[in-house]
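Notes follow once the structure below has been shown.
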Amino acid sequence: QVQLVESGGGLVQAGGSLRLSCAPSGRSFNDNVMAWFRQAPGKEREFVCAISWGGHGADYIDPVKGRFTISRDNAKNTMYLQMNSLKPEDTAVYYCAADVGHSLLPTNHRGRRLYDFWGQGTQVIVSS
């Protein structure tokens with residue numbers, strides 16, 4: 001059974017940092033686009049950032065640019081999200097996702113429908 005497992009969430013004060021990890025089991029996604037989404041209470045799940053198979057291409061939503069960094073270590077079959085200068089509005093459940101149909105970021109990479117596999121999510125709470 002293929003699974004994506006997120007870890008690294010927690011409670012942090014505003015201005016602090018966290019690093020999330022996403023480790024697949026059951027298969028490798030080293031050749032595929034992967035992404036992070038988040039869902040705040042009472043809101044829809046939203047795209048945060050995505051990365052191409054080799055890590056050379058990445059895209060971020062404006063609210064996290066300059067604060068979040070997506071990366072991947074294909075030797076470890078793991079994707080990361082380094083989150084710095086966290087704000088209370090970053091509070092959400094963070095999900096990793098994999099798109100088995102693409103290696104480079106397609107034009108619709110911000111859409112949830114593109115992604116074939118999802119993790120269960122990890123909670124991030126940023127206190128003010």
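Residues are referred to by chain and number: the chain letter is A, B, ... according to the order shown in the structure tokens, the number counts from 1 in that chain, and ligands are numbered separately from 1 in the order shown.
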Inset, instruction - Would you mind listing what lies within 12 Å of Thr91 of chain A as a ChimeraX atom specification, with only C-alpha atoms counted and same-chain residues fewer than 3 positions away left out? - result: /A:9-14,18,38-43,83,86-88,94,122-128
Inset, instruction - Could you tell me, as number ranges by chain, which residues of chain A DSSP assigns to strand (DSSP E) when given the backbone? - result: A: 3-7, 10-13, 18-25, 33-39, 46-51, 58-60, 68-73, 78-83, 92-99, 117-118, 122-127
Output file for the selection above: C-alpha atoms, as a short mmCIF file (atom, residue, chain, number, x, y, z; two decimals), in the first residue's frame:
```
data_model
loop_
_atom_site.label_atom_id
_atom_site.label_comp_id
_atom_site.auth_asym_id
_atom_site.auth_seq_id
_atom_site.Cartn_x
_atom_site.Cartn_y
_atom_site.Cartn_z
CA GLN A 3 1.44 6.00 1.74
CA LEU A 4 2.81 9.48 2.24
CA VAL A 5 3.74 10.18 5.84
CA GLU A 6 4.27 13.70 7.10
CA SER A 7 6.12 14.58 10.27
CA GLY A 10 4.01 21.11 16.30
CA LEU A 11 3.42 24.22 18.34
CA VAL A 12 5.76 27.16 17.82
CA GLN A 13 5.76 30.84 18.71
CA LEU A 18 9.72 24.22 11.85
CA ARG A 19 10.82 21.67 9.29
CA LEU A 20 8.26 19.28 7.91
CA SER A 21 9.18 16.00 6.26
CA CYS A 22 7.27 13.79 3.86
CA ALA A 23 8.43 10.22 3.40
CA PRO A 24 6.63 7.87 1.03
CA SER A 25 6.29 4.18 1.65
CA VAL A 33 6.27 16.46 -8.86
CA MET A 34 5.50 16.78 -5.17
CA ALA A 35 3.79 19.51 -3.24
CA TRP A 36 2.68 20.85 0.12
CA PHE A 37 -0.87 21.99 0.79
CA ARG A 38 -2.41 23.29 3.99
CA GLN A 39 -5.86 23.55 5.46
CA GLU A 46 -4.85 25.45 -0.33
CA PHE A 47 -1.69 25.01 -2.32
CA VAL A 48 1.49 26.17 -0.58
CA CYS A 49 4.39 25.09 -2.80
CA ALA A 50 5.55 22.43 -5.22
CA ILE A 51 8.84 21.04 -6.47
CA ALA A 58 9.73 25.24 -7.40
CA ASP A 59 6.72 27.45 -6.95
CA TYR A 60 5.34 29.17 -3.84
CA PHE A 68 9.30 28.77 3.32
CA THR A 69 11.65 26.55 1.34
CA ILE A 70 10.64 23.29 -0.30
CA SER A 71 13.34 20.74 -1.01
CA ARG A 72 13.83 17.05 -1.60
CA ASP A 73 16.50 14.46 -1.04
CA THR A 78 12.06 12.41 1.32
CA MET A 79 10.64 15.88 0.73
CA TYR A 80 10.95 18.76 3.18
CA LEU A 81 9.35 22.08 3.97
CA GLN A 82 11.51 24.48 5.95
CA MET A 83 9.28 27.11 7.48
CA ALA A 92 -3.03 24.72 9.58
CA VAL A 93 -2.79 21.05 8.91
CA TYR A 94 -0.06 20.57 6.32
CA TYR A 95 -0.35 17.82 3.72
CA CYS A 96 2.16 16.48 1.26
CA ALA A 97 1.03 15.26 -2.12
CA ALA A 98 2.50 13.49 -5.14
CA ASP A 99 1.66 13.80 -8.84
CA PHE A 117 -1.44 10.53 -3.45
CA TRP A 118 -1.88 12.42 -0.21
CA THR A 122 0.65 17.15 10.27
CA GLN A 123 -0.63 19.96 12.48
CA VAL A 124 1.24 23.24 12.70
CA ILE A 125 0.14 25.76 15.32
CA VAL A 126 1.76 29.16 15.52
CA SER A 127 1.00 31.13 18.65
#
```
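Nearest residue to Asn74 of chain A among A:Asp62, A:Asp31, A:Glu44, A:Glu89 is A:Asp31, counting only C-alpha atoms.
Take atom CA of His102 of chain A and atom CA of Arg27 of chain A: the distance between them is 15.7 Å.
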Legend entry - Option closest in space to Gly15 of chain A, from A:Arg110, A:Leu105, A:Tyr115, A:Asp90 [counting only C-alpha atoms]: A:Asp90
